[in-house]
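Peer 1: Here you go, this is data02.txt (compact mmCIF, N, CA and C atoms and all ligand atoms).
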```txt
# COMPACT_ATOMS: atom_id res chain seq x y z
N MET A 1 104.04 100.55 112.84
CA MET A 1 103.07 100.41 111.74
C MET A 1 103.41 99.21 110.87
N VAL A 2 102.45 98.39 110.64
CA VAL A 2 102.67 97.22 109.81
C VAL A 2 103.03 97.63 108.38
N GLU A 3 102.37 98.64 107.89
CA GLU A 3 102.57 99.03 106.49
C GLU A 3 104.01 99.48 106.23
N ASP A 4 104.68 99.98 107.26
CA ASP A 4 106.05 100.45 107.09
C ASP A 4 107.00 99.32 106.70
N PHE A 5 106.58 98.11 106.97
CA PHE A 5 107.42 96.96 106.70
C PHE A 5 107.43 96.63 105.21
N LEU A 6 106.48 97.15 104.51
CA LEU A 6 106.33 96.82 103.10
C LEU A 6 107.11 97.76 102.20
N GLN A 7 107.55 97.21 101.12
CA GLN A 7 108.12 98.00 100.06
C GLN A 7 106.97 98.23 99.07
N ILE A 8 106.42 99.42 99.12
CA ILE A 8 105.25 99.69 98.29
C ILE A 8 105.68 99.97 96.85
N GLN A 9 105.12 99.20 95.93
CA GLN A 9 105.44 99.39 94.53
C GLN A 9 104.15 99.50 93.73
N PRO A 10 103.97 100.59 93.03
CA PRO A 10 102.79 100.70 92.16
C PRO A 10 102.86 99.60 91.11
N PRO A 11 101.73 99.04 90.71
CA PRO A 11 101.73 97.95 89.72
C PRO A 11 102.48 98.31 88.45
N ALA A 12 102.36 99.54 87.99
CA ALA A 12 102.99 99.95 86.75
C ALA A 12 104.51 99.88 86.83
N ALA A 13 105.06 99.92 88.04
CA ALA A 13 106.50 99.90 88.21
C ALA A 13 107.03 98.48 88.33
N SER A 14 106.15 97.50 88.24
CA SER A 14 106.58 96.11 88.38
C SER A 14 106.14 95.27 87.18
N PRO A 15 106.78 95.52 86.05
CA PRO A 15 106.39 94.80 84.83
C PRO A 15 106.86 93.36 84.82
N LEU A 16 107.83 93.05 85.67
CA LEU A 16 108.38 91.70 85.69
C LEU A 16 107.57 90.80 86.60
N ALA A 17 108.13 89.68 86.96
CA ALA A 17 107.44 88.75 87.83
C ALA A 17 107.14 89.41 89.17
N PRO A 18 106.01 89.06 89.77
CA PRO A 18 105.65 89.62 91.09
C PRO A 18 106.76 89.36 92.10
N GLN A 19 107.07 90.39 92.85
CA GLN A 19 108.19 90.30 93.78
C GLN A 19 107.74 90.17 95.22
N CYS A 20 108.66 89.65 96.00
CA CYS A 20 108.52 89.55 97.44
C CYS A 20 108.18 90.93 98.03
N SER A 21 107.32 90.95 99.04
CA SER A 21 106.91 92.22 99.66
C SER A 21 107.90 92.71 100.71
N ALA A 22 108.90 91.90 101.04
CA ALA A 22 109.86 92.32 102.06
C ALA A 22 110.66 93.52 101.57
N LYS A 23 110.97 94.39 102.50
CA LYS A 23 111.66 95.63 102.16
C LYS A 23 113.00 95.34 101.49
N GLY A 24 113.21 95.89 100.32
CA GLY A 24 114.49 95.75 99.64
C GLY A 24 114.70 94.44 98.92
N CYS A 25 113.75 93.52 99.01
CA CYS A 25 113.90 92.21 98.38
C CYS A 25 113.29 92.24 96.98
N ARG A 26 114.05 91.75 96.02
CA ARG A 26 113.55 91.73 94.64
C ARG A 26 113.36 90.32 94.12
N ALA A 27 113.35 89.37 95.03
CA ALA A 27 113.16 87.98 94.62
C ALA A 27 111.73 87.74 94.14
N THR A 28 111.59 86.78 93.28
CA THR A 28 110.26 86.42 92.78
C THR A 28 109.41 85.84 93.90
N ALA A 29 108.16 86.27 93.95
CA ALA A 29 107.26 85.79 95.00
C ALA A 29 106.94 84.32 94.81
N GLU A 30 106.96 83.59 95.91
CA GLU A 30 106.62 82.17 95.87
C GLU A 30 105.44 81.84 96.78
N TRP A 31 105.15 82.78 97.70
CA TRP A 31 104.10 82.51 98.68
C TRP A 31 103.21 83.74 98.83
N GLN A 32 101.97 83.48 99.17
CA GLN A 32 101.04 84.54 99.54
C GLN A 32 100.72 84.40 101.02
N LEU A 33 100.88 85.50 101.74
CA LEU A 33 100.54 85.50 103.15
C LEU A 33 99.26 86.31 103.33
N HIS A 34 98.23 85.64 103.80
CA HIS A 34 96.94 86.29 103.99
C HIS A 34 96.81 86.66 105.46
N TRP A 35 96.53 87.93 105.72
CA TRP A 35 96.48 88.36 107.12
C TRP A 35 95.36 89.35 107.35
N ASN A 36 95.10 89.56 108.62
CA ASN A 36 94.00 90.42 109.04
C ASN A 36 94.37 91.04 110.39
N ASN A 37 94.22 92.33 110.47
CA ASN A 37 94.44 93.02 111.75
C ASN A 37 93.08 93.31 112.37
N PRO A 38 92.70 92.55 113.40
CA PRO A 38 91.35 92.67 113.97
C PRO A 38 91.03 94.08 114.48
N LYS A 39 92.07 94.86 114.76
CA LYS A 39 91.82 96.21 115.28
C LYS A 39 91.34 97.16 114.20
N ILE A 40 91.73 96.90 112.96
CA ILE A 40 91.35 97.83 111.89
C ILE A 40 90.59 97.17 110.74
N HIS A 41 90.56 95.83 110.73
CA HIS A 41 89.87 95.15 109.63
C HIS A 41 88.68 94.35 110.15
N THR A 42 87.67 94.23 109.31
CA THR A 42 86.56 93.34 109.66
C THR A 42 87.08 91.90 109.56
N PRO A 43 86.45 90.95 110.28
CA PRO A 43 86.98 89.58 110.37
C PRO A 43 87.18 88.89 109.03
N GLU A 44 86.34 89.19 108.05
CA GLU A 44 86.44 88.50 106.77
C GLU A 44 87.42 89.16 105.81
N ARG A 45 87.91 90.32 106.20
CA ARG A 45 88.86 91.04 105.34
C ARG A 45 90.20 90.31 105.32
N ARG A 46 90.83 90.25 104.14
CA ARG A 46 92.15 89.65 104.03
C ARG A 46 93.10 90.59 103.30
N LYS A 47 94.21 90.89 103.96
CA LYS A 47 95.28 91.60 103.29
C LYS A 47 96.24 90.55 102.76
N THR A 48 96.96 90.88 101.72
CA THR A 48 97.86 89.90 101.13
C THR A 48 99.25 90.46 100.93
N TRP A 49 100.23 89.71 101.40
CA TRP A 49 101.63 90.02 101.11
C TRP A 49 102.19 88.88 100.28
N LEU A 50 103.17 89.21 99.47
CA LEU A 50 103.88 88.18 98.71
C LEU A 50 105.24 87.97 99.34
N ALA A 51 105.70 86.74 99.32
CA ALA A 51 107.00 86.45 99.92
C ALA A 51 107.79 85.46 99.08
N CYS A 52 109.11 85.65 99.03
CA CYS A 52 109.99 84.67 98.42
C CYS A 52 110.20 83.55 99.43
N GLY A 53 110.92 82.51 99.04
CA GLY A 53 111.17 81.39 99.95
C GLY A 53 111.88 81.83 101.21
N GLU A 54 112.80 82.77 101.05
CA GLU A 54 113.59 83.22 102.19
C GLU A 54 112.76 84.05 103.17
N HIS A 55 111.89 84.88 102.64
CA HIS A 55 111.14 85.80 103.50
C HIS A 55 109.78 85.29 103.95
N ARG A 56 109.43 84.11 103.49
CA ARG A 56 108.16 83.54 103.96
C ARG A 56 108.17 83.48 105.50
N ALA A 57 109.28 83.01 106.06
CA ALA A 57 109.38 82.89 107.51
C ALA A 57 109.48 84.26 108.18
N THR A 58 110.22 85.16 107.55
CA THR A 58 110.40 86.50 108.13
C THR A 58 109.08 87.26 108.19
N LEU A 59 108.42 87.33 107.04
CA LEU A 59 107.16 88.06 106.98
C LEU A 59 106.07 87.32 107.76
N GLY A 60 106.08 85.99 107.64
CA GLY A 60 105.08 85.20 108.36
C GLY A 60 105.23 85.36 109.86
N GLY A 61 106.49 85.36 110.32
CA GLY A 61 106.74 85.53 111.75
C GLY A 61 106.33 86.90 112.24
N PHE A 62 106.60 87.90 111.41
CA PHE A 62 106.23 89.27 111.73
C PHE A 62 104.72 89.37 111.97
N LEU A 63 103.95 88.72 111.11
CA LEU A 63 102.49 88.74 111.24
C LEU A 63 102.01 87.84 112.37
N GLU A 64 102.68 86.70 112.51
CA GLU A 64 102.21 85.72 113.48
C GLU A 64 102.35 86.22 114.92
N VAL A 65 103.47 86.89 115.24
CA VAL A 65 103.64 87.35 116.62
C VAL A 65 102.60 88.40 116.99
N ARG A 66 102.05 89.05 115.97
CA ARG A 66 101.00 90.05 116.21
C ARG A 66 99.61 89.44 116.15
N GLY A 67 99.55 88.14 115.82
CA GLY A 67 98.25 87.46 115.74
C GLY A 67 97.49 87.82 114.48
N PHE A 68 98.22 88.28 113.45
CA PHE A 68 97.55 88.72 112.22
C PHE A 68 97.48 87.63 111.15
N LEU A 69 98.41 86.68 111.20
CA LEU A 69 98.52 85.71 110.11
C LEU A 69 97.34 84.75 110.09
N ARG A 70 96.72 84.60 108.92
CA ARG A 70 95.56 83.72 108.78
C ARG A 70 95.88 82.49 107.93
N GLU A 71 96.61 82.70 106.84
CA GLU A 71 96.86 81.59 105.94
C GLU A 71 98.06 81.89 105.05
N VAL A 72 98.81 80.85 104.72
CA VAL A 72 99.91 80.98 103.77
C VAL A 72 99.66 80.01 102.64
N THR A 73 99.66 80.50 101.41
CA THR A 73 99.38 79.63 100.28
C THR A 73 100.47 79.83 99.22
N PRO A 74 100.76 78.79 98.45
CA PRO A 74 101.73 78.93 97.36
C PRO A 74 101.24 79.97 96.36
N PHE A 75 102.17 80.73 95.83
CA PHE A 75 101.80 81.75 94.87
C PHE A 75 102.29 81.38 93.48
N ALA A 76 101.40 81.37 92.52
CA ALA A 76 101.77 81.17 91.13
C ALA A 76 101.54 82.48 90.40
N SER A 77 102.54 82.96 89.68
CA SER A 77 102.42 84.27 89.04
C SER A 77 101.26 84.32 88.07
N SER A 78 100.83 83.14 87.57
CA SER A 78 99.69 83.12 86.66
C SER A 78 98.39 83.50 87.36
N ASP A 79 98.43 83.45 88.71
CA ASP A 79 97.26 83.86 89.47
C ASP A 79 97.07 85.38 89.44
N GLY A 80 98.15 86.07 89.05
CA GLY A 80 98.11 87.52 89.09
C GLY A 80 98.59 87.98 90.45
N ALA A 81 99.27 89.11 90.46
CA ALA A 81 99.80 89.63 91.72
C ALA A 81 98.81 90.60 92.33
N ILE A 82 98.23 90.21 93.42
CA ILE A 82 97.30 91.11 94.10
C ILE A 82 97.82 91.35 95.50
N VAL A 83 98.53 92.45 95.66
CA VAL A 83 99.02 92.81 96.98
C VAL A 83 98.11 93.89 97.52
N SER A 84 97.47 93.59 98.62
CA SER A 84 96.53 94.57 99.18
C SER A 84 96.84 94.80 100.63
ZN ZN A 101 112.15 88.13 99.85
```
Please express what this file holds, its structure, as structure tokens.
Peer 2:
Amino acid sequence: MVEDFLQIQPPAASPLAPQCSAKGCRATAEWQLHWNNPKIHTPERRKTWLACGEHRATLGGFLEVRGFLREVTPFASSDGAIVS
């Protein structure tokens, strides 16, 4: 399950800077990974993970080998943290 890879944090529990979505990582997010699972999502749907510099490759690779990765964009915390 892809979702198992995520460290799920309710927004209320993350008052500080948006964090990397990698399990156990508390680094500040620097990247947004936009992905789509064609088996369960419509083509225009985008899920979003946040990644620190270190986990951009880890999380990106995880999505890419499954053919899910669509786009990686720099993340600025002023954009607001939207992990979906
Ligand atoms: Zn990380």
Peer 1: Quick one, how far is atom CA of A:Arg66 from atom CA of A:Lys39?
Peer 2: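 It comes out at 11.1 Å.
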Peer 1: Just how far from atom C of A:Glu30 is atom C of A:Lys47, in Å to one decimal?
Peer 2: 14.0 Å
Peer 1: One decimal, Å: what's the distance from atom CA of A:Glu71 over to atom CA of A:Thr58, could you say?
Peer 2: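 If I compute the distance from atom CA of A:Glu71 to atom CA of A:Thr58, I get 14.6 Å.
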Peer 1: Neighbouring residues of ligand ZN 101 (chain A) are defined here as those with any atom at most 6 Å from a ligand atom, counting only C-alpha atoms and all ligand atoms; list them as a PDB file with N, CA and C atoms, keeping the file's coordinate frame.
Peer 2:
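Generated file (selection-v5.pdb):
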```pdb
ATOM      1  N   CYS A  20     108.660  89.650  96.000  1.00  0.00           N
ATOM      2  CA  CYS A  20     108.520  89.550  97.440  1.00  0.00           C
ATOM      3  C   CYS A  20     108.180  90.930  98.030  1.00  0.00           C
ATOM      4  N   ALA A  22     108.900  91.900 101.040  1.00  0.00           N
ATOM      5  CA  ALA A  22     109.860  92.320 102.060  1.00  0.00           C
ATOM      6  C   ALA A  22     110.660  93.520 101.570  1.00  0.00           C
ATOM      7  N   CYS A  25     113.750  93.520  99.010  1.00  0.00           N
ATOM      8  CA  CYS A  25     113.900  92.210  98.380  1.00  0.00           C
ATOM      9  C   CYS A  25     113.290  92.240  96.980  1.00  0.00           C
ATOM     10  N   ALA A  27     113.350  89.370  95.030  1.00  0.00           N
ATOM     11  CA  ALA A  27     113.160  87.980  94.620  1.00  0.00           C
ATOM     12  C   ALA A  27     111.730  87.740  94.140  1.00  0.00           C
ATOM     13  N   ALA A  51     105.700  86.740  99.320  1.00  0.00           N
ATOM     14  CA  ALA A  51     107.000  86.450  99.920  1.00  0.00           C
ATOM     15  C   ALA A  51     107.790  85.460  99.080  1.00  0.00           C
ATOM     16  N   CYS A  52     109.110  85.650  99.030  1.00  0.00           N
ATOM     17  CA  CYS A  52     109.990  84.670  98.420  1.00  0.00           C
ATOM     18  C   CYS A  52     110.200  83.550  99.430  1.00  0.00           C
ATOM     19  N   GLU A  54     112.800  82.770 101.050  1.00  0.00           N
ATOM     20  CA  GLU A  54     113.590  83.220 102.190  1.00  0.00           C
ATOM     21  C   GLU A  54     112.760  84.050 103.170  1.00  0.00           C
ATOM     22  N   HIS A  55     111.890  84.880 102.640  1.00  0.00           N
ATOM     23  CA  HIS A  55     111.140  85.800 103.500  1.00  0.00           C
ATOM     24  C   HIS A  55     109.780  85.290 103.950  1.00  0.00           C
TER      25      HIS A  55
END
```
Peer 1: Could you check which of A:Leu69, A:Arg45, A:Phe75, A:Leu59 is closest to A:Ala29, using only N, CA and C atoms?
Peer 2: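 Of A:Leu69, A:Arg45, A:Phe75, A:Leu59, the one nearest A:Ala29 is A:Phe75, counting only N, CA and C atoms.
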Peer 1: Using only N, CA and C atoms, which residues sit within 5 Å of A:Leu50 once same-chain residues fewer than 3 positions away are excluded, as a count of residues only?
Peer 2: 5
Peer 1: Quick check for you: according to DSSP on this backbone, which residues of stretch 23-77 of chain A are classed as strand (DSSP E or B)? Reply as number ranges by chain.
Peer 2: A: 28, 31-35, 47-51, 69-74
Peer 1: Which is closer to A:Ile40 than all the others in A:Gly60, A:Phe68, A:Gly24, A:Pro18, using only C-alpha atoms?
Peer 2: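 Closest to A:Ile40 of all the choices is A:Phe68.
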